[in-house]
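Single-structure report; data block below.
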Amino acid sequence: MTPEYEQFMEKVEEVDNLGKIDSILTWDQEVMMPERGIEARSKQKAVMSRLKHRLISDEELGQLIKELEDQDLTGEQDAVLREIKREHEKEKKIPVELLEKISEKESECVEKWKNAREESDFSMVAPHLEELVELKRRYAEAIDPDEEPYRVLFRDYEPYIEFETMVLIMEKLEKRVPEILEKIRESDAEVDTEAFKGDFPEEKQRELNEELVEKLNFDWRRGRLDVSEHPFTLGNQFDCRITTRFNGENLAESILPTVHEFGHGMYQLGLDQDNYGNPLGSARDLSIHESQSRLWENHIARSRAFWEQFLPTLKEHFPSFNEVSAEECYESVNQVDPENMIRVNADEVSYHLHIALRFELERRLVNGEIEVEELPDLWNDKMEELLDIRPGSDAEGVLQDIHWYWGSIGYFPTYSLGSVLAAQIYREAEEEIADLDEKISNGEFEELQEWLRENIHIHGKKFKTAELVEKVTGQKPSAEPFLDYIEEKYGELYDL
């Protein structure tokens with residue numbers, strides 16, 4: 001390692017650790033911070049944003065990047081240089097004052113969203129969202145004034161899947177999913193829908209979910225499970241925080257988010273510990289991250305094998321499940337309900353129409369084709385167009401997700417990309433791991449977890465997204481494996 005590369009890595013680790021400190025501030029805000037704490041937290045996060053920007057856009061770092069481009073680096077060193085150069089070149093275009101304003105407004109806006117959702121009144125947060133959207137437009141323009149603003153924001157979450165590839169995948173889903181849904185609507189198959197309905201005290205749900213992630217081999221020495229308004233995961237390979245939520249009347253709406261966030265958490269905990277503080281020890285952006293959470297939520301927690309092994313645990317915590325079979329659990333957790341209004345409660349099939357709605361609206365919003373005040377009506381109209389249902393309140397509609405109010409505009413397509421990649425990756429795992437279903441039904445998750453770690457987690461950002469997917473599966477990112485998977489699974493479930 002040359003002296004220049006050592007100096008470069010020192011700066012890289014400083015930037016990375018500042019980002020991780022900032023994520024702990026975010027976790028605290030969502031999990032533990034008292035309500036009035038936002039008055040200080042928004043300013044604290046603005047300072048963190050300024051410090052990180054100063055380090056990543058530093059001229060000395062830029063000079064080191066230029067010098068290293070002329071050196072004979074290893075493949076891993078080249079990957080680190082590629083990732084830091086991309087961030088450096090982006091950040092030096094953005095005025096630090098703009099980043100501070102965005103950070104401060106994000107903290108304020110998400111707190112206003114919580115109150116607005118509780119009151120089901122979009123007008124309470126609309127002015128704050130309007131300011132945040134305008135700041136995001138300015139941010140996109142600073143990075144590339146000649147590019148469509150939404151494309152610029154999308155690259156913050158997925159820089160290495162081409163925008164056109166994402167659009168093609170979304171178009172295929174939006175075309176094929178309604179066709180599958182229509183067949184399901186017309187089916188007269190009797191699918192159980194009631195297994196998880198009942199009365200479930202929050203404290204008992206907490207105990208169940210803690211045992212659930214323990215059975216899935218979550219490392220409590222390096223992680224924790226808490227409760228938040230909207231489930232999320234933040235952290236690193238040494239300290240990973242996952243959150244969930246509870247529904248006193250439907251236990252599945254607690255179990256599935258917990259497994260989803262567990263998937264995110266296992267990815268973080270599976271990153272290379274020796275490369276903590278640099279891109280080789282950091283997750284490969286949102287599409288891969290979502291592939292890991294969706295793999296565990298959909299391919300594991302919605303499988304027959306999972307319920308065969310987990311039902312006895314469920315019965316220990318809630319004796320009402322003594323009258324429920326594993327098959328009834330499987331059917332209930334996979335029921336297709338096109339009349340469901342809420343994305344996070346959506347089934348695997350209709351879920352992608354919820355994403356299509358958000359993708360279309362946020363793209364038009366950022367590009368200046370629609371205004372914030374139009375969002376509630378446009379949301380409801382699009383929901384009616386895609387799913388033939390209309391939200392009865394703002395809480396069921398435009399206020400249900402945290403993302404826009406958190407400043408995460410451009411994020412939503414990565415959920416569908418994640419599902420698509422999860423299907424590709426899991427199909428490969430099934431081919432390479434003998435008797436995987438049987439192992440899951442026996443509660444043996446170690447071999448799958450090690451396979452994911454060796455093939456996905458340990459690489460960090462060494463490979464670009466599409467390159468990593470092709471390395472693991474032999475295919476470029478494609479909607480076809482996912483569409484084949486849901487057609488086969490739901491064809492069997494609904495006798496299509």
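Each chain of the structure tokens is named A, B, ... in the order shown, its residues numbered from 1; ligands are numbered from 1 in display order.
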Which residues are near region 320-323 of chain A? Cut-off 12 Å, only C-alpha atoms, ignore same chain within fewer than 2 positions. Put them as a list in words.
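Near neighbours after the sequence-gap exclusion: Glu194, Ala195, Phe196, Lys197, Gly198, Asp199, Phe200, Leu251, Trp307, Phe310, Leu311, Pro312, Thr313, Leu314, Lys315, Glu316, His317, Phe318, Ser325, Ala326, Glu327, Glu328 and Cys329 of chain A.
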Quick one: which region 32-83 of chain A residues come within 10 Å of region 276-291 of chain A, and what is the nearest atom pair for each with the distance in Å to one decimal, counting only C-alpha atoms, rows ordered by chain and ascending number, as a tab-separated table?
```
residue	atom	partner	partner_atom	distance
A:Glu76	CA	A:Leu280	CA	7.5
A:Gln77	CA	A:Leu280	CA	9.0
A:Ala79	CA	A:Leu280	CA	7.8
A:Val80	CA	A:Pro279	CA	5.7
A:Leu81	CA	A:Pro279	CA	9.0
A:Arg82	CA	A:Pro279	CA	9.5
A:Glu83	CA	A:Pro279	CA	6.9
```
For region 358-365 of chain A, work out the shell of residues within 12 Å, counting only C-alpha atoms and skipping chain neighbours fewer than 6 positions away, then give it as a ChimeraX atom specification.
/A:129-130,132-134,136-137,148-154,166-167,170-171,174,343,351-352,371-383,386,397-401,403-405,407-416
Go ahead and write the selection's residues with N, CA and C atoms as a compact mmCIF listing (two decimals), in the first residue's frame.
```
# COMPACT_ATOMS: atom_id res chain seq x y z
N LEU A 129 -43.38 19.76 3.13
CA LEU A 129 -43.01 18.91 2.02
C LEU A 129 -42.72 19.75 0.77
N GLU A 130 -43.48 20.79 0.57
CA GLU A 130 -43.26 21.68 -0.58
C GLU A 130 -41.86 22.29 -0.52
N LEU A 132 -39.29 21.03 1.07
CA LEU A 132 -38.32 19.95 0.91
C LEU A 132 -38.18 19.55 -0.55
N VAL A 133 -39.28 19.46 -1.27
CA VAL A 133 -39.23 19.11 -2.69
C VAL A 133 -38.46 20.16 -3.47
N GLU A 134 -38.69 21.42 -3.17
CA GLU A 134 -37.97 22.49 -3.86
C GLU A 134 -36.46 22.40 -3.58
N LYS A 136 -34.88 19.66 -2.93
CA LYS A 136 -34.41 18.48 -3.67
C LYS A 136 -34.24 18.80 -5.16
N ARG A 137 -35.10 19.64 -5.69
CA ARG A 137 -34.95 20.06 -7.09
C ARG A 137 -33.64 20.83 -7.27
N GLU A 148 -32.63 15.08 -16.26
CA GLU A 148 -33.95 15.04 -15.61
C GLU A 148 -33.73 14.95 -14.10
N PRO A 149 -34.33 15.86 -13.30
CA PRO A 149 -34.07 15.87 -11.85
C PRO A 149 -34.31 14.52 -11.18
N TYR A 150 -35.37 13.83 -11.57
CA TYR A 150 -35.69 12.56 -10.90
C TYR A 150 -34.61 11.51 -11.13
N ARG A 151 -34.02 11.49 -12.33
CA ARG A 151 -32.95 10.54 -12.60
C ARG A 151 -31.77 10.77 -11.65
N VAL A 152 -31.48 12.05 -11.39
CA VAL A 152 -30.38 12.39 -10.49
C VAL A 152 -30.66 11.86 -9.09
N LEU A 153 -31.89 12.04 -8.61
CA LEU A 153 -32.24 11.58 -7.27
C LEU A 153 -32.25 10.06 -7.20
N PHE A 154 -32.73 9.40 -8.24
CA PHE A 154 -32.74 7.93 -8.27
C PHE A 154 -31.33 7.37 -8.10
N MET A 166 -34.34 0.10 -15.04
CA MET A 166 -35.35 0.18 -13.98
C MET A 166 -36.74 0.45 -14.57
N VAL A 167 -36.82 1.40 -15.51
CA VAL A 167 -38.11 1.74 -16.12
C VAL A 167 -38.68 0.53 -16.86
N MET A 170 -40.08 -1.86 -14.32
CA MET A 170 -41.34 -1.34 -13.78
C MET A 170 -42.47 -1.49 -14.80
N GLU A 171 -42.18 -1.25 -16.05
CA GLU A 171 -43.21 -1.37 -17.09
C GLU A 171 -43.68 -2.81 -17.24
N GLU A 174 -45.88 -3.56 -14.26
CA GLU A 174 -47.17 -2.87 -14.34
C GLU A 174 -48.06 -3.49 -15.43
N ARG A 343 -49.36 -0.03 1.46
CA ARG A 343 -48.25 -0.70 0.78
C ARG A 343 -47.58 -1.75 1.66
N TYR A 351 -48.40 -5.61 -4.55
CA TYR A 351 -47.40 -4.69 -3.99
C TYR A 351 -46.79 -3.78 -5.05
N HIS A 352 -46.53 -4.32 -6.22
CA HIS A 352 -45.80 -3.57 -7.24
C HIS A 352 -46.65 -2.50 -7.91
N GLU A 371 -47.82 19.63 -8.48
CA GLU A 371 -47.46 20.35 -7.26
C GLU A 371 -47.85 19.52 -6.04
N VAL A 372 -47.23 19.84 -4.91
CA VAL A 372 -47.47 19.12 -3.66
C VAL A 372 -48.95 19.10 -3.30
N GLU A 373 -49.62 20.23 -3.46
CA GLU A 373 -51.02 20.32 -3.06
C GLU A 373 -51.93 19.38 -3.84
N GLU A 374 -51.47 18.93 -5.01
CA GLU A 374 -52.27 18.02 -5.84
C GLU A 374 -52.12 16.56 -5.42
N LEU A 375 -51.15 16.26 -4.59
CA LEU A 375 -50.82 14.87 -4.30
C LEU A 375 -51.97 14.03 -3.76
N PRO A 376 -52.75 14.50 -2.77
CA PRO A 376 -53.81 13.63 -2.25
C PRO A 376 -54.79 13.16 -3.31
N ASP A 377 -55.27 14.07 -4.15
CA ASP A 377 -56.24 13.68 -5.17
C ASP A 377 -55.60 12.82 -6.25
N LEU A 378 -54.38 13.17 -6.66
CA LEU A 378 -53.71 12.38 -7.68
C LEU A 378 -53.41 10.97 -7.17
N TRP A 379 -53.02 10.89 -5.90
CA TRP A 379 -52.78 9.57 -5.27
C TRP A 379 -54.04 8.72 -5.32
N ASN A 380 -55.16 9.30 -4.89
CA ASN A 380 -56.41 8.55 -4.83
C ASN A 380 -56.88 8.13 -6.22
N ASP A 381 -56.70 9.04 -7.20
CA ASP A 381 -57.10 8.71 -8.58
C ASP A 381 -56.25 7.56 -9.13
N LYS A 382 -54.96 7.60 -8.86
CA LYS A 382 -54.06 6.57 -9.38
C LYS A 382 -54.33 5.23 -8.70
N MET A 383 -54.63 5.26 -7.42
CA MET A 383 -54.98 4.04 -6.70
C MET A 383 -56.23 3.41 -7.32
N LEU A 386 -55.21 1.85 -10.76
CA LEU A 386 -54.38 0.66 -10.71
C LEU A 386 -55.03 -0.51 -9.99
N GLY A 397 -53.94 7.11 2.32
CA GLY A 397 -53.40 7.48 1.02
C GLY A 397 -52.02 8.10 1.12
N VAL A 398 -51.94 9.37 0.84
CA VAL A 398 -50.68 10.06 0.63
C VAL A 398 -49.80 10.15 1.88
N LEU A 399 -50.36 9.90 3.06
CA LEU A 399 -49.58 10.01 4.30
C LEU A 399 -49.07 8.67 4.83
N GLN A 400 -49.32 7.59 4.12
CA GLN A 400 -49.02 6.28 4.71
C GLN A 400 -47.53 5.96 4.79
N ASP A 401 -46.72 6.54 3.90
CA ASP A 401 -45.28 6.23 3.88
C ASP A 401 -44.46 7.40 4.40
N HIS A 403 -41.30 8.06 3.44
CA HIS A 403 -40.15 8.33 2.58
C HIS A 403 -40.05 9.77 2.08
N TRP A 404 -41.12 10.32 1.50
CA TRP A 404 -41.04 11.67 0.95
C TRP A 404 -40.76 12.69 2.04
N TYR A 405 -41.34 12.46 3.20
CA TYR A 405 -41.21 13.41 4.30
C TYR A 405 -39.85 13.29 4.99
N GLY A 407 -37.29 12.88 3.05
CA GLY A 407 -36.41 13.34 1.98
C GLY A 407 -35.96 12.24 1.05
N SER A 408 -36.48 11.02 1.21
CA SER A 408 -36.07 9.88 0.38
C SER A 408 -36.92 9.82 -0.88
N ILE A 409 -36.68 10.77 -1.78
CA ILE A 409 -37.43 10.85 -3.04
C ILE A 409 -36.58 10.23 -4.14
N GLY A 410 -37.10 9.20 -4.78
CA GLY A 410 -36.33 8.41 -5.74
C GLY A 410 -36.04 7.01 -5.22
N TYR A 411 -36.46 6.74 -4.00
CA TYR A 411 -36.21 5.47 -3.31
C TYR A 411 -37.15 4.36 -3.76
N PHE A 412 -38.43 4.71 -4.00
CA PHE A 412 -39.46 3.68 -4.14
C PHE A 412 -39.19 2.61 -5.20
N PRO A 413 -38.65 2.94 -6.38
CA PRO A 413 -38.43 1.87 -7.36
C PRO A 413 -37.49 0.77 -6.87
N THR A 414 -36.63 1.10 -5.89
CA THR A 414 -35.71 0.06 -5.40
C THR A 414 -36.44 -1.06 -4.68
N TYR A 415 -37.67 -0.81 -4.19
CA TYR A 415 -38.45 -1.89 -3.58
C TYR A 415 -38.82 -2.94 -4.62
N SER A 416 -39.28 -2.50 -5.79
CA SER A 416 -39.61 -3.46 -6.85
C SER A 416 -38.35 -4.10 -7.40
```
Between CA of Arg390 (chain A) and CA of Asp337 (chain A), what distance in Å does the model show, to one decimal?
14.0 Å
What is the distance between CA of Ser441 (chain A) and CA of Glu308 (chain A), in Å to one decimal?
5.6 Å
